[in-house]
>>> print(open('upload-v2.txt').read())   # compact mmCIF, C-alpha atoms
# COMPACT_ATOMS: atom_id res chain seq x y z
CA MET J 18 81.95 97.11 167.32
CA PRO J 19 85.68 96.33 167.43
CA GLY J 20 88.09 97.71 164.87
CA LYS J 21 88.21 94.61 162.69
CA SER J 22 85.69 93.48 160.13
CA PRO J 23 84.41 89.88 160.06
CA ASN J 24 87.16 89.20 157.50
CA GLY J 25 89.86 90.51 159.86
CA ILE J 26 90.56 93.76 158.03
CA ASP J 27 91.41 96.64 160.33
CA ARG J 28 89.26 99.46 158.93
CA ARG J 29 90.87 102.15 161.06
CA ASP J 30 94.18 101.48 159.38
CA LEU J 31 92.53 101.26 155.99
CA LEU J 32 92.14 104.99 155.58
CA LYS J 33 95.48 105.80 157.17
CA ALA J 34 97.92 103.38 155.59
CA SER J 35 98.67 101.62 152.35
CA ILE J 36 95.56 100.09 150.78
CA ALA J 37 97.29 97.74 148.42
CA THR J 38 96.94 94.62 150.55
CA VAL J 39 93.31 95.33 151.42
CA GLY J 40 92.43 96.02 147.80
CA ALA J 41 93.97 92.74 146.73
CA ALA J 42 92.07 90.83 149.41
CA ALA J 43 88.79 92.45 148.43
CA ALA J 44 89.36 91.70 144.77
CA ALA J 45 90.00 88.07 145.60
CA ALA J 46 86.86 87.87 147.71
CA VAL J 47 84.74 89.41 144.98
CA ALA J 48 86.21 87.13 142.33
CA ALA J 49 85.39 84.12 144.49
CA GLY J 50 81.79 85.24 144.85
CA THR J 51 80.92 86.14 141.26
CA ALA J 52 79.28 83.72 138.90
CA ASN J 53 81.76 81.83 136.69
CA ALA J 54 84.56 84.12 137.82
CA GLU J 55 87.06 81.35 137.19
CA ASP J 56 86.55 81.93 133.46
CA ALA J 57 87.15 85.70 133.66
CA ALA J 58 90.30 87.48 132.66
CA ALA J 59 92.21 89.49 135.25
CA PRO J 60 90.46 92.77 136.17
CA ALA J 61 91.51 95.79 134.19
CA ALA J 62 93.93 98.03 136.03
CA TYR J 63 92.71 101.31 137.45
CA THR J 64 93.41 104.04 134.91
CA PRO J 65 94.02 107.77 135.46
CA SER J 66 91.13 110.18 135.13
CA GLY J 67 90.33 112.27 132.06
CA THR J 68 86.99 112.71 130.35
CA VAL J 69 86.33 110.81 127.11
CA TYR J 70 83.31 111.79 125.00
CA THR J 71 82.02 109.13 122.61
CA GLY J 72 80.59 111.72 120.22
CA ASP J 73 77.06 110.43 120.75
CA VAL J 74 74.20 112.55 122.06
CA ILE J 75 71.04 111.05 123.59
CA ASP J 76 68.05 113.32 124.24
CA GLY J 77 70.40 116.29 124.07
CA LYS J 78 72.80 114.82 126.65
CA LYS J 79 76.40 114.03 125.73
CA VAL J 80 77.68 110.48 126.23
CA VAL J 81 80.96 109.77 128.01
CA SER J 82 82.87 106.54 128.40
CA LYS J 83 85.07 108.07 131.10
CA LEU J 84 84.53 111.09 133.32
CA ASP J 85 86.75 113.46 135.25
CA VAL J 86 84.58 116.05 136.99
CA ASN J 87 87.56 118.42 137.01
CA ASP J 88 87.03 118.83 133.27
CA LEU J 89 83.48 120.18 133.70
CA GLU J 90 82.58 123.86 133.78
CA PRO J 91 82.29 125.08 137.40
CA GLY J 92 79.16 126.73 138.76
CA GLN J 93 76.83 124.55 136.67
CA LYS J 94 74.87 121.31 136.63
CA HIS J 95 75.84 118.85 133.93
CA LEU J 96 73.56 116.06 132.64
CA LEU J 97 75.40 113.21 130.92
CA TYR J 98 75.05 109.59 129.95
CA PHE J 99 77.80 107.12 130.81
CA GLN J 100 78.33 104.35 128.27
CA GLY J 101 78.14 101.06 130.13
CA VAL J 102 78.45 97.44 129.10
CA GLU J 103 77.44 96.12 125.68
CA MET J 104 74.25 94.11 125.18
CA PRO J 105 74.11 90.95 123.00
CA THR J 106 73.10 93.20 120.08
CA GLY J 107 76.25 95.28 120.42
CA GLN J 108 74.32 98.26 121.76
CA HIS J 109 75.20 99.69 125.17
CA TRP J 110 73.43 100.11 128.46
CA TYR J 111 73.63 103.76 129.48
CA VAL J 112 73.71 105.20 132.97
CA SER J 113 72.27 108.63 133.86
CA VAL J 114 74.77 110.96 135.52
CA THR J 115 74.08 114.39 137.02
CA VAL J 116 76.99 116.49 138.27
CA ALA J 117 76.65 119.66 140.33
CA LYS J 118 80.05 121.32 139.88
CA GLY J 119 80.63 124.00 142.46
CA ALA J 120 81.94 127.45 141.61
CA LYS J 121 84.79 126.83 144.07
CA PRO J 122 87.01 123.76 144.52
CA GLY J 123 86.32 121.32 147.33
CA LYS J 124 85.46 117.74 148.23
CA ARG J 125 83.87 115.38 145.70
CA GLY J 126 80.88 113.31 146.76
CA VAL J 127 79.34 110.45 144.78
CA LEU J 128 75.72 109.40 145.45
CA THR J 129 74.56 106.20 143.76
CA SER J 130 71.17 104.50 143.45
CA GLY J 131 69.47 101.90 141.32
CA VAL J 132 72.07 99.20 141.98
CA HIS J 133 69.02 96.99 142.55
CA GLY J 134 66.23 97.46 140.05
CA ASP J 135 63.29 97.44 142.46
CA GLU J 136 64.52 100.19 144.80
CA MET J 137 62.63 103.32 143.85
CA SER J 138 63.04 105.37 147.04
CA SER J 139 66.82 105.25 146.62
CA ILE J 140 66.50 106.96 143.24
CA HIS J 141 64.05 109.59 144.45
CA THR J 142 66.30 110.40 147.42
CA VAL J 143 69.37 111.30 145.36
CA GLN J 144 67.21 113.22 142.87
CA ALA J 145 65.78 115.25 145.75
CA VAL J 146 69.28 116.01 147.06
CA MET J 147 70.43 117.16 143.63
CA ASN J 148 67.36 119.40 143.32
CA GLN J 149 68.46 121.27 146.45
CA LEU J 150 71.95 122.03 145.15
CA ASP J 151 72.96 125.36 143.62
CA PRO J 152 76.38 124.92 141.98
CA ALA J 153 76.99 128.69 142.04
CA GLN J 154 76.98 128.51 145.86
CA MET J 155 78.91 125.24 146.23
CA SER J 156 82.54 124.39 146.98
CA GLY J 157 83.28 121.02 145.46
CA THR J 158 81.29 118.55 143.42
CA VAL J 159 78.35 116.19 143.89
CA MET J 160 77.78 113.47 141.31
CA VAL J 161 74.50 111.53 141.31
CA VAL J 162 73.94 108.24 139.47
CA THR J 163 70.32 107.07 139.42
CA ASP J 164 70.18 103.89 137.32
CA VAL J 165 73.28 101.77 137.89
CA SER J 166 71.51 98.53 136.89
CA SER J 167 69.46 99.69 133.91
CA PRO J 168 68.28 96.24 132.74
CA ALA J 169 67.04 95.38 136.23
CA LEU J 170 65.21 98.71 136.41
CA GLU J 171 63.49 98.04 133.08
CA SER J 172 61.52 95.22 134.73
CA MET J 173 61.65 96.70 138.24
CA GLN J 174 63.32 93.59 139.65
CA ARG J 175 66.18 93.25 142.09
CA ARG J 176 68.69 91.38 139.94
CA TRP J 177 70.28 91.97 136.53
CA PRO J 178 68.84 89.52 133.92
CA ASN J 179 72.10 88.34 132.35
CA GLN J 180 71.82 86.53 129.00
CA GLY J 181 75.38 85.25 128.54
CA ARG J 182 74.83 81.56 129.32
CA GLY J 183 71.09 81.29 129.38
CA VAL J 184 69.02 83.53 131.60
CA ASP J 185 70.69 84.23 134.94
CA LEU J 186 69.59 86.74 137.56
CA ILE J 187 72.73 88.32 139.02
CA ASP J 188 72.81 90.52 142.11
CA MET J 189 74.73 93.60 140.99
CA ASN J 190 75.57 94.40 144.60
CA ARG J 191 77.84 91.37 144.84
CA GLU J 192 79.89 92.31 141.76
CA TRP J 193 81.92 95.36 142.86
CA PRO J 194 84.52 96.54 142.02
CA GLY J 195 83.79 94.48 138.94
CA ASN J 196 86.01 93.32 136.12
CA GLU J 197 86.06 95.09 132.76
CA ASN J 198 87.06 91.75 131.19
CA GLY J 199 84.71 89.62 133.32
CA ALA J 200 82.63 86.64 132.27
CA THR J 201 79.25 88.34 132.80
CA ALA J 202 77.72 91.63 131.72
CA PRO J 203 77.11 92.77 135.34
CA SER J 204 80.77 92.17 136.24
CA ARG J 205 81.97 94.10 133.18
CA HIS J 206 79.43 96.88 133.80
CA ALA J 207 80.57 97.20 137.42
CA GLY J 208 84.19 97.36 136.32
CA LEU J 209 83.50 100.08 133.75
CA LEU J 210 81.51 102.19 136.20
CA PHE J 211 83.89 101.78 139.11
CA ASN J 212 87.10 102.39 137.15
CA ARG J 213 85.91 105.13 134.78
CA LEU J 214 83.08 106.96 136.56
CA LEU J 215 82.76 106.35 140.30
CA ARG J 216 86.18 105.84 141.86
CA PRO J 217 88.02 108.63 139.99
CA ASN J 218 85.49 111.25 141.16
CA ALA J 219 84.94 110.34 144.81
CA ASP J 220 86.42 111.60 148.04
CA PHE J 221 83.44 110.00 149.80
CA SER J 222 80.42 108.08 148.59
CA ILE J 223 76.95 106.97 149.68
CA ASP J 224 75.16 104.05 148.01
CA PHE J 225 71.39 104.24 148.57
CA HIS J 226 69.16 101.16 148.79
CA THR J 227 65.77 99.95 150.06
CA GLY J 228 64.29 96.64 151.08
CA THR J 229 63.67 94.09 148.36
CA THR J 230 60.45 92.96 146.68
CA GLY J 231 58.39 91.10 149.27
CA PHE J 232 60.49 92.27 152.22
CA GLU J 233 60.21 95.70 153.87
CA VAL J 234 62.82 97.34 156.08
CA THR J 235 63.00 100.28 158.45
CA ALA J 236 64.97 103.47 157.87
CA PHE J 237 68.55 102.60 158.80
CA ASN J 238 72.17 102.94 157.73
CA ILE J 239 74.74 100.18 157.20
CA GLY J 240 78.41 100.89 157.72
CA GLY J 241 81.49 100.31 159.83
CA MET J 242 81.21 102.66 162.78
CA ASP J 243 84.77 101.74 163.74
CA VAL J 244 85.94 103.92 160.81
CA PRO J 245 85.85 107.52 162.10
CA GLU J 246 85.12 109.06 158.70
CA VAL J 247 82.15 106.72 158.19
CA LYS J 248 80.79 107.19 161.71
CA ALA J 249 80.93 110.97 161.32
CA MET J 250 78.66 110.76 158.27
CA ILE J 251 76.21 108.13 159.56
CA ASP J 252 75.69 110.08 162.79
CA LEU J 253 74.35 113.00 160.73
CA TYR J 254 71.16 111.15 159.73
CA PRO J 255 67.98 111.54 161.82
CA VAL J 256 67.04 107.86 161.47
CA GLY J 257 66.41 105.42 164.26
CA GLN J 258 68.63 102.42 163.47
CA ILE J 259 72.27 101.81 162.55
CA PHE J 260 73.62 98.43 161.48
CA ASP J 261 77.25 98.68 162.56
CA ASN J 262 78.62 95.97 160.30
CA HIS J 263 80.93 95.76 157.28
CA VAL J 264 78.64 93.17 155.63
CA TYR J 265 79.64 91.38 152.44
CA PRO J 266 82.57 91.62 150.06
CA GLY J 267 81.31 92.70 146.66
CA VAL J 268 78.88 95.41 147.78
CA LEU J 269 79.50 98.84 146.28
CA HIS J 270 80.20 100.71 149.50
CA ASN J 271 82.85 98.14 150.43
CA ALA J 272 84.51 98.49 147.02
CA PHE J 273 84.93 102.18 147.83
CA MET J 274 86.16 101.38 151.34
CA ASP J 275 88.73 98.94 150.00
CA VAL J 276 90.40 101.74 148.00
CA GLY J 277 90.37 104.16 150.93
CA ILE J 278 87.18 106.10 150.10
CA PRO J 279 84.78 106.41 153.09
CA SER J 280 81.37 104.98 152.19
CA PHE J 281 78.20 103.46 153.64
CA THR J 282 74.69 102.35 152.65
CA PRO J 283 71.36 103.89 153.67
CA GLU J 284 68.28 101.62 153.54
CA ILE J 285 64.97 103.38 152.88
CA GLY J 286 61.89 101.28 153.55
CA ALA J 287 60.02 99.11 151.06
CA ALA J 288 60.88 98.25 147.47
CA ARG J 289 58.89 99.25 144.37
CA VAL J 290 57.32 102.33 146.01
CA LEU J 291 58.26 105.87 146.99
CA ASP J 292 58.23 106.14 150.78
CA LEU J 293 57.49 109.85 151.03
CA GLU J 294 57.80 109.79 154.83
CA MET J 295 61.23 108.17 154.98
CA ILE J 296 62.82 109.86 151.96
CA PRO J 297 62.99 113.36 153.56
CA LEU J 298 64.95 111.92 156.51
CA PHE J 299 67.66 110.68 154.17
CA VAL J 300 67.63 113.88 152.11
CA GLU J 301 68.12 115.87 155.31
CA GLY J 302 70.91 113.57 156.47
CA THR J 303 72.67 113.69 153.12
CA MET J 304 72.52 117.48 153.05
CA ASN J 305 74.09 117.38 156.52
CA VAL J 306 76.90 115.23 155.10
CA LEU J 307 77.50 117.73 152.29
CA LYS J 308 77.67 120.51 154.89
CA HIS J 309 80.03 118.39 157.00
CA HIS J 310 82.39 118.15 154.01
CA GLY J 311 82.12 121.87 153.25
CA ILE J 312 80.43 121.39 149.87
CA VAL J 313 77.37 123.43 150.81
CA ALA J 314 76.97 126.07 153.50
CA GLY J 315 74.29 126.54 156.11
CA PRO J 316 73.20 125.17 159.48
CA MET J 317 72.88 121.45 160.08
CA GLY J 318 69.43 119.91 160.02
CA ARG J 319 68.33 117.20 162.40
CA THR J 320 70.89 114.47 163.11
CA GLY J 321 71.09 111.27 165.09
CA LYS J 322 71.32 113.38 168.24
CA ASP J 323 67.72 114.50 167.68
CA VAL J 324 66.20 111.02 167.54
CA THR J 325 66.46 107.81 169.51
CA VAL J 326 68.98 105.63 167.67
CA PHE J 327 69.40 101.89 168.19
CA VAL J 328 72.80 100.59 167.09
CA GLY J 329 73.27 96.87 166.51
CA ASN J 330 76.19 94.88 165.13
CA SER J 331 74.26 91.77 164.06
CA ALA J 332 71.00 90.81 162.35
CA PHE J 333 69.09 87.74 163.48
CA PRO J 334 66.99 86.07 160.76
CA ILE J 335 63.76 84.21 161.43
CA LEU J 336 63.06 81.89 158.51
CA ALA J 337 59.77 80.26 157.59
CA THR J 338 59.54 76.56 158.39
CA ALA J 339 56.22 75.99 156.61
CA GLY J 340 54.12 77.32 153.77
CA GLY J 341 51.07 79.50 154.36
CA LEU J 342 49.79 82.93 155.35
CA VAL J 343 52.00 84.94 157.69
CA GLU J 344 50.61 87.19 160.41
CA HIS J 345 53.12 89.52 162.06
CA LEU J 346 52.64 90.18 165.78
CA VAL J 347 55.19 93.01 165.95
CA LYS J 348 55.90 96.07 163.82
CA LEU J 349 59.00 97.56 162.25
CA ASN J 350 61.22 99.38 164.79
CA GLU J 351 59.46 97.64 167.68
CA LYS J 352 61.63 96.33 170.49
CA VAL J 353 61.45 92.58 171.14
CA GLY J 354 62.77 90.34 173.85
CA ALA J 355 64.31 86.89 173.70
CA GLY J 356 61.53 84.31 173.63
CA GLN J 357 58.89 86.77 172.39
CA LYS J 358 56.47 85.49 169.72
CA VAL J 359 56.78 87.64 166.59
CA ALA J 360 54.70 85.86 163.92
CA ILE J 361 52.30 82.97 163.28
CA GLN J 362 51.50 81.10 160.08
CA ARG J 363 48.29 79.42 158.92
CA ASN J 364 47.58 76.93 156.17
CA SER J 365 44.69 77.05 153.71
CA PHE J 366 42.28 75.73 156.36
CA GLY J 367 43.21 78.50 158.77
CA GLU J 368 45.04 76.09 161.05
CA VAL J 369 48.18 77.39 162.74
CA VAL J 370 51.09 75.48 161.24
CA ALA J 371 53.97 77.48 162.73
CA GLU J 372 54.73 80.00 165.42
CA TYR J 373 57.89 82.08 165.38
CA THR J 374 59.76 83.52 168.35
CA SER J 375 62.84 85.68 168.67
CA SER J 376 65.98 84.18 170.17
CA VAL J 377 67.50 87.60 170.81
CA ALA J 378 66.63 90.98 172.31
CA GLY J 379 66.73 93.82 169.83
CA GLU J 380 64.63 95.83 167.37
CA ILE J 381 62.70 94.73 164.30
CA THR J 382 64.57 95.99 161.24
CA GLY J 383 62.84 94.01 158.48
CA GLN J 384 59.67 92.00 157.83
CA ARG J 385 58.28 89.98 154.97
CA SER J 386 55.63 92.12 153.32
CA ASP J 387 54.25 89.39 151.05
CA ALA J 388 51.51 87.65 153.00
CA MET J 389 52.35 84.16 151.69
CA SER J 390 55.61 82.38 152.36
CA GLU J 391 57.22 79.06 151.60
CA PRO J 392 59.75 77.36 153.87
CA GLY J 393 63.12 79.07 153.96
CA ASN J 394 61.91 82.60 153.25
CA PRO J 395 63.07 85.27 155.71
CA LEU J 396 60.08 86.46 157.74
CA VAL J 397 61.78 88.83 160.18
CA PHE J 398 65.22 90.36 160.73
CA ILE J 399 66.04 91.55 164.25
CA LEU J 400 68.84 94.07 164.79
CA PHE J 401 70.77 93.19 167.96
CA ASN J 402 74.23 93.13 169.50
CA LYS J 403 76.65 90.27 169.96
CA PRO J 404 79.38 91.06 172.49
CA LYS J 405 82.11 88.94 170.87
CA PRO J 406 83.43 90.13 167.50
CA GLU J 407 83.88 86.57 166.26
CA ASP J 408 80.14 85.96 166.75
CA VAL J 409 78.90 89.01 164.83
CA GLN J 410 76.33 88.07 162.17
CA VAL J 411 76.27 89.65 158.74
CA TYR J 412 72.97 91.02 157.50
CA PRO J 413 71.23 88.08 155.76
CA GLU J 414 69.60 88.51 152.35
>>> encode(input="upload-v2.txt", output="structure tokens")
Amino acid sequence: MPGKSPNGIDRRDLLKASIATVGAAAAAAVAAGTANAEDAAAPAAYTPSGTVYTGDVIDGKKVVSKLDVNDLEPGQKHLLYFQGVEMPTGQHWYVSVTVAKGAKPGKRGVLTSGVHGDEMSSIHTVQAVMNQLDPAQMSGTVMVVTDVSSPALESMQRRWPNQGRGVDLIDMNREWPGNENGATAPSRHAGLLFNRLLRPNADFSIDFHTGTTGFEVTAFNIGGMDVPEVKAMIDLYPVGQIFDNHVYPGVLHNAFMDVGIPSFTPEIGAARVLDLEMIPLFVEGTMNVLKHHGIVAGPMGRTGKDVTVFVGNSAFPILATAGGLVEHLVKLNEKVGAGQKVAIQRNSFGEVVAEYTSSVAGEITGQRSDAMSEPGNPLVFILFNKPKPEDVQVYPE
């Protein structure tokens, strides 16, 4: 994929030059995409680091409203709660934070999960990575956040149920870097987390996700492979697909990228379940990344060199044109050709009401897992390559 994103931002220069212009452009794009953003005050300015304890303790864990991992005792694991946005009652949503602070100084990695509330494998993956870390043997710091969108997790649904102006369901992964003075709770929550917890403690970051309820995906990574620092990390995962695309403004990994912090997004199978076959692949890859950055020692595990990897820069959606039962004719990761039939749909009488074919050659990267569909629902995503950068398609959701 060429060196420019679909929005024309040169990502190679991003990590080498001034980020002020890029950060301003990203903030404008996010503001344009958030609900009722025209009513929000200007985002709070980024503030210097320095840990602030609220004085509260929950289940024996201290609560912070701001964290600087440099303030923590080295050679230990620290379990904290971060005080997030206020609820209508005036209480706060809290975010679970685990920090493995190495005995020696080094790089700082941030691993996030639970940005969407139905993505269980993302949470299990970062927990499994943390369980492998011994701070006494580490150089640097790894911070894990497992429940970014607590209210969405409470009901195991993708979006944050915002109550500000009647019930809205807001996609937290379109809100970053957020706005501490924003018009919605998710925007404020994102601003608090990004300014006071995530950004100040990251030299690199990985934001873990899965497919969404009703739609299953393969094991793959999303990121801009034109950014050398990002490519170096993605290549360390033994998974079979890479979506080489900068995707949307407002996603968490792009908020990091826009302030010069290398970041990308792994996708780990189906929502609402623990995929115990896929999760170890991403644990192994993440441990490779920590070794790459010198945080932990030891030989590399399997990487992309040990598996067959398909890299695509676009995702082709096949949308339902009718209602009824969907029967898939291809499987995840399967190669398809242009003109190949990939699914059929039947009505309540068992009559075929629609047949679906691929217009591109590529690999299946996502399929609707709910058997019923109404018109307009995505049935299949096909990872493929478009040769012209102006034609590259962003991953549809």
>>> residues_around(input="upload-v2.txt", residues="Asn271 (chain J)", least_positions_apart="3", cutoff="9 Å", atoms="all atoms listed in the file", output="list in words")
Ala43, Trp193, Pro194, Gly240, His263, Val264, Tyr265, Pro266, Gly267, Val268, Met274, Asp275, Val276, Pro279, Ser280 and Phe281 of chain J
>>> closest_atom_pairs(input="upload-v2.txt", of="region 96-155 of chain J", to="region 296-302 of chain J", cutoff="7 Å", atoms="only C-alpha atoms", output="CSV")
residue,atom,partner,partner_atom,distance
J:Ser138,CA,J:Ile296,CA,6.7
J:Thr142,CA,J:Ile296,CA,5.7
J:Ala145,CA,J:Val300,CA,6.8
J:Val146,CA,J:Val300,CA,5.7
>>> residues_around(input="upload-v2.txt", residues="Asn262 (chain J)", least_positions_apart="2", cutoff="7 Å", atoms="only C-alpha atoms", output="PDB file with C-alpha atoms, keeping the file's coordinate frame")
ATOM      1  CA  ILE J 239      74.740 100.180 157.200  1.00  0.00           C
ATOM      2  CA  GLY J 240      78.410 100.890 157.720  1.00  0.00           C
ATOM      3  CA  GLY J 241      81.490 100.310 159.830  1.00  0.00           C
ATOM      4  CA  PHE J 260      73.620  98.430 161.480  1.00  0.00           C
ATOM      5  CA  VAL J 264      78.640  93.170 155.630  1.00  0.00           C
ATOM      6  CA  ASN J 330      76.190  94.880 165.130  1.00  0.00           C
ATOM      7  CA  VAL J 411      76.270  89.650 158.740  1.00  0.00           C
TER       8      VAL J 411
END
>>> atom_distance(input="upload-v2.txt", atom1="CA of Asn218 (chain J)", atom2="CA of Val86 (chain J)")
6.4 Å
>>> closest_residue(input="upload-v2.txt", among="J:Ala117, J:Leu209, J:Met137, J:Ala202", to="Glu284 (chain J)", atoms="all atoms listed in the file")
J:Met137
>>> closest_residue(input="upload-v2.txt", among="J:Leu150, J:Val234, J:Ala314, J:Ala337", to="Asp292 (chain J)", atoms="only C-alpha atoms")
J:Val234
>>> closest_residue(input="upload-v2.txt", among="J:Val313, J:Leu400, J:Ile335, J:Ile278", to="Glu372 (chain J)", atoms="all atoms listed in the file")
J:Ile335
>>> residues_around(input="upload-v2.txt", residues="Glu351 (chain J)", least_positions_apart="3", cutoff="8 Å", atoms="only C-alpha atoms", output="number ranges by chain")
J: 347-348, 380-381
>>> closest_residue(input="upload-v2.txt", among="J:Glu246, J:Asp88, J:Glu103, J:Glu171", to="Glu136 (chain J)", atoms="all atoms listed in the file")
J:Glu171
>>> atom_distance(input="upload-v2.txt", atom1="CA of Trp177 (chain J)", atom2="CA of Met104 (chain J)")
12.2 Å
>>> atom_distance(input="upload-v2.txt", atom1="CA of Phe225 (chain J)", atom2="CA of Val81 (chain J)")
23.3 Å
>>> closest_residue(input="upload-v2.txt", among="J:Pro283, J:Gly208, J:Gly341, J:Gly134", to="Ile251 (chain J)", atoms="all atoms listed in the file")
J:Pro283
>>> closest_residue(input="upload-v2.txt", among="J:Ser376, J:Asn305, J:Thr163, J:Gln357", to="Asp252 (chain J)", atoms="all atoms listed in the file")
J:Asn305
>>> residues_near_point(input="upload-v2.txt", point="(65.1, 103.6, 158.6)", cutoff="9 Å", atoms="only C-alpha atoms", output="VMD selection string")
chain J and resid 234 to 238 256 to 259 283 to 286 295 298 to 299 350 382
